[in-house]
>>> print(open('start06.txt').read())   # compact mmCIF, C-alpha atoms
# COMPACT_ATOMS: atom_id res chain seq x y z
CA MET X 1 0.00 0.00 0.00
CA THR X 2 1.27 3.47 -0.86
CA THR X 3 0.34 6.64 1.00
CA VAL X 4 1.16 10.24 0.07
CA ASP X 5 1.63 13.01 2.62
CA ALA X 6 0.83 16.71 2.26
CA LYS X 7 4.38 17.47 1.10
CA GLY X 8 4.20 14.96 -1.77
CA TYR X 9 6.30 12.18 -0.23
CA ARG X 10 5.12 8.68 -1.10
CA PHE X 11 5.47 6.00 1.58
CA ARG X 12 5.41 2.33 0.62
CA THR X 13 6.77 -1.03 1.64
CA ALA X 14 10.29 -1.47 0.30
CA ARG X 15 10.80 -3.60 -2.80
CA PRO X 16 13.86 -5.71 -3.68
CA GLU X 17 14.96 -3.06 -6.16
CA ASP X 18 15.18 -0.53 -3.29
CA THR X 19 17.93 -2.48 -1.49
CA GLU X 20 20.94 -0.86 -3.18
CA THR X 21 19.58 2.66 -2.75
CA ILE X 22 18.75 1.99 0.91
CA GLU X 23 22.29 0.71 1.50
CA THR X 24 23.83 3.86 0.00
CA LEU X 25 21.56 6.43 1.70
CA ASP X 26 23.65 9.03 3.55
CA GLY X 27 22.76 8.65 7.23
CA SER X 28 25.67 10.79 8.45
CA PHE X 29 25.13 13.70 10.80
CA THR X 30 26.96 16.62 12.37
CA THR X 31 26.28 17.75 15.91
CA HIS X 32 27.47 20.38 18.37
CA MET X 33 25.95 18.43 21.27
CA MET X 34 26.17 14.90 22.64
CA PHE X 35 24.75 12.99 25.58
CA ARG X 36 27.33 12.16 28.23
CA VAL X 37 26.58 8.91 30.02
CA ALA X 38 27.55 8.35 33.64
CA VAL X 39 27.04 4.96 35.23
CA THR X 40 25.89 5.38 38.83
CA THR X 41 25.37 2.91 41.67
CA ASP X 42 21.61 3.12 41.07
CA GLY X 43 21.67 3.02 37.27
CA PHE X 44 22.84 5.72 34.94
CA ALA X 45 22.54 9.43 34.26
CA VAL X 46 22.45 11.10 30.86
CA ARG X 47 23.38 14.75 30.45
CA GLU X 48 23.53 16.77 27.24
CA VAL X 49 26.83 18.60 26.78
CA PRO X 50 28.30 20.74 24.00
CA VAL X 51 31.19 19.42 21.92
CA ALA X 52 33.84 21.45 20.11
CA PRO X 53 34.74 20.98 17.42
CA PRO X 54 31.45 19.57 16.14
CA ILE X 55 31.28 15.80 15.65
CA HIS X 56 30.65 14.58 12.11
CA LYS X 57 29.60 10.93 12.17
CA VAL X 58 29.58 8.74 9.09
CA PHE X 59 28.26 5.27 9.72
CA PRO X 60 30.31 2.39 8.29
CA PRO X 61 28.74 0.27 5.56
CA ASP X 62 26.52 -2.52 6.80
CA ASP X 63 28.61 -5.62 7.36
CA GLY X 64 25.86 -7.86 5.99
CA ASP X 65 25.84 -10.08 9.07
CA ASP X 66 22.06 -10.42 8.92
CA GLU X 67 21.68 -11.14 5.21
CA SER X 68 21.22 -14.86 5.78
CA GLY X 69 18.01 -14.25 7.76
CA PRO X 70 14.50 -14.07 6.36
CA THR X 71 13.43 -11.09 4.31
CA ALA X 72 10.33 -9.03 4.99
CA ALA X 73 8.60 -10.87 2.12
CA GLU X 74 9.24 -14.18 3.95
CA ASN X 75 8.56 -12.99 7.51
CA PRO X 76 5.38 -11.10 8.41
CA ASN X 77 7.12 -9.67 11.51
CA LEU X 78 9.64 -7.68 9.44
CA ARG X 79 8.88 -4.54 7.46
CA THR X 80 10.85 -1.84 5.69
CA VAL X 81 9.03 1.30 4.57
CA VAL X 82 10.59 3.81 2.19
CA ALA X 83 9.81 7.48 1.62
CA VAL X 84 10.15 8.61 -1.99
CA ASP X 85 10.10 12.26 -3.04
CA ALA X 86 8.09 13.70 -5.96
CA GLY X 87 11.06 13.14 -8.27
CA GLY X 88 11.25 9.44 -7.43
CA CYS X 89 14.37 9.68 -5.23
CA LEU X 90 14.65 7.83 -1.93
CA ALA X 91 14.21 10.35 0.88
CA GLY X 92 14.42 7.88 3.77
CA TYR X 93 13.50 4.50 5.13
CA ILE X 94 12.71 2.63 8.32
CA ALA X 95 13.30 -1.08 8.98
CA VAL X 96 11.46 -2.71 11.87
CA SER X 97 10.94 -6.12 13.42
CA TYR X 98 8.27 -7.41 15.76
CA ALA X 99 9.01 -9.95 18.52
CA PRO X 100 5.83 -11.74 19.62
CA TRP X 101 7.31 -13.09 22.88
CA ASN X 102 7.53 -9.63 24.48
CA ARG X 103 5.28 -7.76 22.02
CA ARG X 104 8.08 -5.33 21.15
CA LEU X 105 8.54 -3.55 17.85
CA THR X 106 12.22 -2.81 17.34
CA ILE X 107 13.38 0.00 15.08
CA ALA X 108 16.32 -1.78 13.45
CA ASP X 109 17.32 1.16 11.26
CA VAL X 110 15.98 4.54 10.25
CA ALA X 111 17.59 7.16 8.05
CA VAL X 112 16.55 10.31 6.23
CA ALA X 113 18.70 11.73 3.45
CA PRO X 114 20.26 15.09 4.42
CA ALA X 115 18.30 17.05 1.79
CA HIS X 116 15.01 15.82 3.28
CA ARG X 117 15.70 16.33 6.99
CA GLY X 118 13.48 18.72 8.92
CA ARG X 119 10.51 18.08 6.61
CA GLY X 120 8.66 15.50 8.70
CA VAL X 121 9.92 12.47 6.77
CA GLY X 122 11.39 10.79 9.88
CA ARG X 123 8.22 11.42 11.88
CA ALA X 124 6.09 10.02 9.06
CA LEU X 125 8.31 6.93 8.79
CA MET X 126 7.99 6.44 12.55
CA GLY X 127 4.21 6.74 12.09
CA HIS X 128 4.34 3.85 9.61
CA ALA X 129 6.36 1.85 12.15
CA ALA X 130 3.74 2.62 14.82
CA ALA X 131 0.95 1.49 12.48
CA PHE X 132 2.81 -1.79 11.92
CA ALA X 133 3.25 -2.11 15.70
CA HIS X 134 -0.52 -1.78 16.12
CA GLU X 135 -1.10 -4.38 13.36
CA ARG X 136 1.08 -6.83 15.24
CA GLY X 137 -0.24 -6.03 18.72
CA ALA X 138 2.99 -4.51 20.04
CA VAL X 139 2.87 -2.89 23.46
CA HIS X 140 5.99 -0.77 22.98
CA ILE X 141 8.45 0.45 20.36
CA TRP X 142 12.16 0.22 21.16
CA LEU X 143 15.34 1.51 19.53
CA GLU X 144 19.08 1.93 20.08
CA VAL X 145 20.98 5.14 19.33
CA THR X 146 24.56 6.24 19.90
CA ASN X 147 25.01 8.84 22.62
CA ILE X 148 26.65 11.24 20.16
CA ASN X 149 23.60 11.38 17.88
CA ALA X 150 21.94 14.30 19.67
CA PRO X 151 19.86 15.28 16.60
CA ALA X 152 18.23 11.83 16.50
CA ILE X 153 17.78 11.68 20.29
CA HIS X 154 16.01 15.06 20.25
CA ALA X 155 13.74 13.87 17.41
CA TYR X 156 12.92 10.64 19.26
CA GLN X 157 12.14 12.59 22.44
CA ARG X 158 9.78 14.87 20.49
CA MET X 159 8.02 11.71 19.24
CA GLY X 160 7.53 10.42 22.80
CA PHE X 161 10.51 8.13 23.32
CA THR X 162 12.27 8.08 26.70
CA PHE X 163 15.56 6.55 27.82
CA CYS X 164 15.16 3.02 29.15
CA GLY X 165 18.69 1.60 29.23
CA LEU X 166 22.23 1.66 27.96
CA ASP X 167 25.16 -0.52 26.95
CA THR X 168 28.55 1.04 27.59
CA ALA X 169 30.42 -1.75 25.76
CA LEU X 170 28.28 -2.43 22.67
CA TYR X 171 30.52 -0.49 20.27
CA GLU X 172 33.91 -1.55 21.67
CA GLY X 173 36.13 -3.01 18.94
CA THR X 174 34.17 -1.21 16.22
CA PRO X 175 34.73 2.12 14.44
CA SER X 176 32.33 3.59 17.05
CA SER X 177 34.51 2.58 19.99
CA GLY X 178 34.16 5.09 22.83
CA GLU X 179 30.48 5.76 22.15
CA GLN X 180 27.69 4.30 24.27
CA ALA X 181 24.45 2.73 23.12
CA LEU X 182 21.37 4.38 24.57
CA TYR X 183 18.07 2.50 24.46
CA MET X 184 14.82 4.37 24.13
CA SER X 185 11.24 3.18 24.12
CA MET X 186 7.70 4.42 24.00
CA PRO X 187 4.40 2.68 24.62
CA CYS X 188 2.10 1.88 21.73
CA LEU X 189 -1.06 3.84 22.30
>>> encode(input="start06.txt", output="structure tokens")
Amino acid sequence: MTTVDAKGYRFRTARPEDTETIETLDGSFTTHMMFRVAVTTDGFAVREVPVAPPIHKVFPPDDGDDESGPTAAENPNLRTVVAVDAGGCLAGYIAVSYAPWNRRLTIADVAVAPAHRGRGVGRALMGHAAAFAHERGAVHIWLEVTNINAPAIHAYQRMGFTFCGLDTALYEGTPSSGEQALYMSMPCL
């Protein structure tokens, strides 16, 4: 099913021919702020702090470690939705998975091309994820984000997500070593 928003973006389930474009979408960001994580005896504290010079993060190419798993066409609990602009170019996408055992919808990946940021594309993609969560009977939506991605964290907070956990070692031994994984969730209403 395809939907069109007021700004002319078309949203539809991804097709096999979208794979290459999705893999090459620029998900990089630049930020003047980050979230400093402090582990405490009772849990953790997160505090936004300025950074100078600004951080420019380019995510490494996907390592393909999950390519042997089922595709969305084979598994009704997986879905990827793409946003396409009026000219037919990919503006963004969101990939999600639903786990029946805990009724959680996980945002596996979401990205909006730089030229389309600030236009509601990410919020609309998250809306499609929420609709899929409702289809599946999810009770909450969950995601992981690096502590240096303040622009994404702010967007998620505006959408209703709150911090629910962290992993201070998830990125060790990777190009993102030194960053911490923050987990955020929101209830499905």
>>> closest_atom_pairs(input="start06.txt", of="stretch 69-123 of chain X", to="stretch 151-175 of chain X", cutoff="12 Å", atoms="only C-alpha atoms", output="JSON lines")
{"residue": "X:Ile107", "atom": "CA", "partner": "X:Tyr156", "partner_atom": "CA", "distance": 11.4}
{"residue": "X:Asp109", "atom": "CA", "partner": "X:Ala152", "partner_atom": "CA", "distance": 11.9}
{"residue": "X:Val110", "atom": "CA", "partner": "X:Ala152", "partner_atom": "CA", "distance": 9.9}
{"residue": "X:Ala111", "atom": "CA", "partner": "X:Ala152", "partner_atom": "CA", "distance": 9.7}
{"residue": "X:Val112", "atom": "CA", "partner": "X:Ala152", "partner_atom": "CA", "distance": 10.5}
{"residue": "X:Arg117", "atom": "CA", "partner": "X:Pro151", "partner_atom": "CA", "distance": 10.5}
{"residue": "X:Gly118", "atom": "CA", "partner": "X:Ala155", "partner_atom": "CA", "distance": 9.8}
{"residue": "X:Gly120", "atom": "CA", "partner": "X:Ala155", "partner_atom": "CA", "distance": 10.2}
{"residue": "X:Val121", "atom": "CA", "partner": "X:Ala155", "partner_atom": "CA", "distance": 11.4}
{"residue": "X:Gly122", "atom": "CA", "partner": "X:Ala155", "partner_atom": "CA", "distance": 8.5}
{"residue": "X:Arg123", "atom": "CA", "partner": "X:Met159", "partner_atom": "CA", "distance": 7.4}
>>> closest_residue(input="start06.txt", among="X:Thr80, X:Glu20, X:Ile148, X:Met126", to="X:Val58", atoms="all atoms listed in the file")
X:Ile148
>>> closest_residue(input="start06.txt", among="X:Ala52, X:Ile94, X:Val82, X:Met184", to="X:Ala129", atoms="only C-alpha atoms")
X:Ile94
>>> closest_residue(input="start06.txt", among="X:His140, X:Ala150, X:Gly127, X:Cys188", to="X:Val51", atoms="only C-alpha atoms")
X:Ala150
>>> residues_around(input="start06.txt", residues="stretch 3-8 of chain X", least_positions_apart="5", cutoff="12 Å", atoms="only C-alpha atoms", output="PyMOL selection string")
chain X and resi 13+81-89+91+116+119-121+123-125+127-128
>>> build_atoms(input="start06.txt", residues="stretch 119-141 of chain X", atoms="N, CA, C and O atoms", output="PDB file, in the coordinates of the input")
ATOM      1  N   ARG X 119      11.745  17.955   7.396  1.00  0.00           N
ATOM      2  CA  ARG X 119      10.510  18.080   6.610  1.00  0.00           C
ATOM      3  C   ARG X 119       9.427  17.109   7.060  1.00  0.00           C
ATOM      4  O   ARG X 119       8.432  16.936   6.372  1.00  0.00           O
ATOM      5  N   GLY X 120       9.665  16.431   8.186  1.00  0.00           N
ATOM      6  CA  GLY X 120       8.660  15.500   8.700  1.00  0.00           C
ATOM      7  C   GLY X 120       8.762  14.087   8.159  1.00  0.00           C
ATOM      8  O   GLY X 120       7.920  13.244   8.468  1.00  0.00           O
ATOM      9  N   VAL X 121       9.787  13.805   7.353  1.00  0.00           N
ATOM     10  CA  VAL X 121       9.920  12.470   6.770  1.00  0.00           C
ATOM     11  C   VAL X 121      10.178  11.429   7.870  1.00  0.00           C
ATOM     12  O   VAL X 121       9.552  10.363   7.888  1.00  0.00           O
ATOM     13  N   GLY X 122      11.091  11.724   8.793  1.00  0.00           N
ATOM     14  CA  GLY X 122      11.390  10.790   9.880  1.00  0.00           C
ATOM     15  C   GLY X 122      10.173  10.523  10.742  1.00  0.00           C
ATOM     16  O   GLY X 122       9.880   9.380  11.098  1.00  0.00           O
ATOM     17  N   ARG X 123       9.439  11.568  11.070  1.00  0.00           N
ATOM     18  CA  ARG X 123       8.220  11.420  11.880  1.00  0.00           C
ATOM     19  C   ARG X 123       7.192  10.572  11.136  1.00  0.00           C
ATOM     20  O   ARG X 123       6.542   9.703  11.727  1.00  0.00           O
ATOM     21  N   ALA X 124       7.048  10.804   9.842  1.00  0.00           N
ATOM     22  CA  ALA X 124       6.090  10.020   9.060  1.00  0.00           C
ATOM     23  C   ALA X 124       6.519   8.549   8.982  1.00  0.00           C
ATOM     24  O   ALA X 124       5.688   7.640   9.097  1.00  0.00           O
ATOM     25  N   LEU X 125       7.821   8.309   8.806  1.00  0.00           N
ATOM     26  CA  LEU X 125       8.310   6.930   8.790  1.00  0.00           C
ATOM     27  C   LEU X 125       8.037   6.263  10.142  1.00  0.00           C
ATOM     28  O   LEU X 125       7.610   5.103  10.201  1.00  0.00           O
ATOM     29  N   MET X 126       8.262   6.985  11.229  1.00  0.00           N
ATOM     30  CA  MET X 126       7.990   6.440  12.550  1.00  0.00           C
ATOM     31  C   MET X 126       6.490   6.164  12.701  1.00  0.00           C
ATOM     32  O   MET X 126       6.093   5.190  13.355  1.00  0.00           O
ATOM     33  N   GLY X 127       5.657   6.991  12.085  1.00  0.00           N
ATOM     34  CA  GLY X 127       4.210   6.740  12.090  1.00  0.00           C
ATOM     35  C   GLY X 127       3.865   5.437  11.399  1.00  0.00           C
ATOM     36  O   GLY X 127       2.988   4.694  11.851  1.00  0.00           O
ATOM     37  N   HIS X 128       4.556   5.134  10.307  1.00  0.00           N
ATOM     38  CA  HIS X 128       4.340   3.850   9.610  1.00  0.00           C
ATOM     39  C   HIS X 128       4.793   2.690  10.490  1.00  0.00           C
ATOM     40  O   HIS X 128       4.160   1.631  10.510  1.00  0.00           O
ATOM     41  N   ALA X 129       5.892   2.881  11.218  1.00  0.00           N
ATOM     42  CA  ALA X 129       6.360   1.850  12.150  1.00  0.00           C
ATOM     43  C   ALA X 129       5.316   1.639  13.249  1.00  0.00           C
ATOM     44  O   ALA X 129       5.015   0.502  13.624  1.00  0.00           O
ATOM     45  N   ALA X 130       4.755   2.723  13.772  1.00  0.00           N
ATOM     46  CA  ALA X 130       3.740   2.620  14.820  1.00  0.00           C
ATOM     47  C   ALA X 130       2.494   1.906  14.303  1.00  0.00           C
ATOM     48  O   ALA X 130       1.892   1.097  15.018  1.00  0.00           O
ATOM     49  N   ALA X 131       2.108   2.182  13.063  1.00  0.00           N
ATOM     50  CA  ALA X 131       0.950   1.490  12.480  1.00  0.00           C
ATOM     51  C   ALA X 131       1.221  -0.012  12.378  1.00  0.00           C
ATOM     52  O   ALA X 131       0.345  -0.834  12.677  1.00  0.00           O
ATOM     53  N   PHE X 132       2.433  -0.380  11.985  1.00  0.00           N
ATOM     54  CA  PHE X 132       2.810  -1.790  11.920  1.00  0.00           C
ATOM     55  C   PHE X 132       2.806  -2.394  13.327  1.00  0.00           C
ATOM     56  O   PHE X 132       2.362  -3.539  13.527  1.00  0.00           O
ATOM     57  N   ALA X 133       3.273  -1.636  14.314  1.00  0.00           N
ATOM     58  CA  ALA X 133       3.250  -2.110  15.700  1.00  0.00           C
ATOM     59  C   ALA X 133       1.820  -2.427  16.130  1.00  0.00           C
ATOM     60  O   ALA X 133       1.565  -3.465  16.753  1.00  0.00           O
ATOM     61  N   HIS X 134       0.884  -1.554  15.771  1.00  0.00           N
ATOM     62  CA  HIS X 134      -0.520  -1.780  16.120  1.00  0.00           C
ATOM     63  C   HIS X 134      -1.061  -3.015  15.394  1.00  0.00           C
ATOM     64  O   HIS X 134      -1.799  -3.807  15.991  1.00  0.00           O
ATOM     65  N   GLU X 135      -0.681  -3.191  14.116  1.00  0.00           N
ATOM     66  CA  GLU X 135      -1.100  -4.380  13.360  1.00  0.00           C
ATOM     67  C   GLU X 135      -0.680  -5.656  14.076  1.00  0.00           C
ATOM     68  O   GLU X 135      -1.411  -6.639  14.098  1.00  0.00           O
ATOM     69  N   ARG X 136       0.517  -5.640  14.622  1.00  0.00           N
ATOM     70  CA  ARG X 136       1.080  -6.830  15.240  1.00  0.00           C
ATOM     71  C   ARG X 136       0.699  -6.981  16.713  1.00  0.00           C
ATOM     72  O   ARG X 136       0.945  -8.005  17.312  1.00  0.00           O
ATOM     73  N   GLY X 137       0.136  -5.949  17.308  1.00  0.00           N
ATOM     74  CA  GLY X 137      -0.240  -6.030  18.720  1.00  0.00           C
ATOM     75  C   GLY X 137       0.895  -5.684  19.671  1.00  0.00           C
ATOM     76  O   GLY X 137       0.893  -6.110  20.829  1.00  0.00           O
ATOM     77  N   ALA X 138       1.864  -4.907  19.196  1.00  0.00           N
ATOM     78  CA  ALA X 138       2.990  -4.510  20.040  1.00  0.00           C
ATOM     79  C   ALA X 138       2.514  -3.625  21.181  1.00  0.00           C
ATOM     80  O   ALA X 138       1.563  -2.862  21.029  1.00  0.00           O
ATOM     81  N   VAL X 139       3.195  -3.745  22.325  1.00  0.00           N
ATOM     82  CA  VAL X 139       2.870  -2.890  23.460  1.00  0.00           C
ATOM     83  C   VAL X 139       3.869  -1.741  23.598  1.00  0.00           C
ATOM     84  O   VAL X 139       3.592  -0.773  24.298  1.00  0.00           O
ATOM     85  N   HIS X 140       5.032  -1.873  22.956  1.00  0.00           N
ATOM     86  CA  HIS X 140       5.990  -0.770  22.980  1.00  0.00           C
ATOM     87  C   HIS X 140       6.903  -0.836  21.758  1.00  0.00           C
ATOM     88  O   HIS X 140       7.029  -1.868  21.105  1.00  0.00           O
ATOM     89  N   ILE X 141       7.493   0.307  21.462  1.00  0.00           N
ATOM     90  CA  ILE X 141       8.450   0.450  20.360  1.00  0.00           C
ATOM     91  C   ILE X 141       9.792   0.768  21.006  1.00  0.00           C
ATOM     92  O   ILE X 141       9.871   1.583  21.925  1.00  0.00           O
TER      93      ILE X 141
END
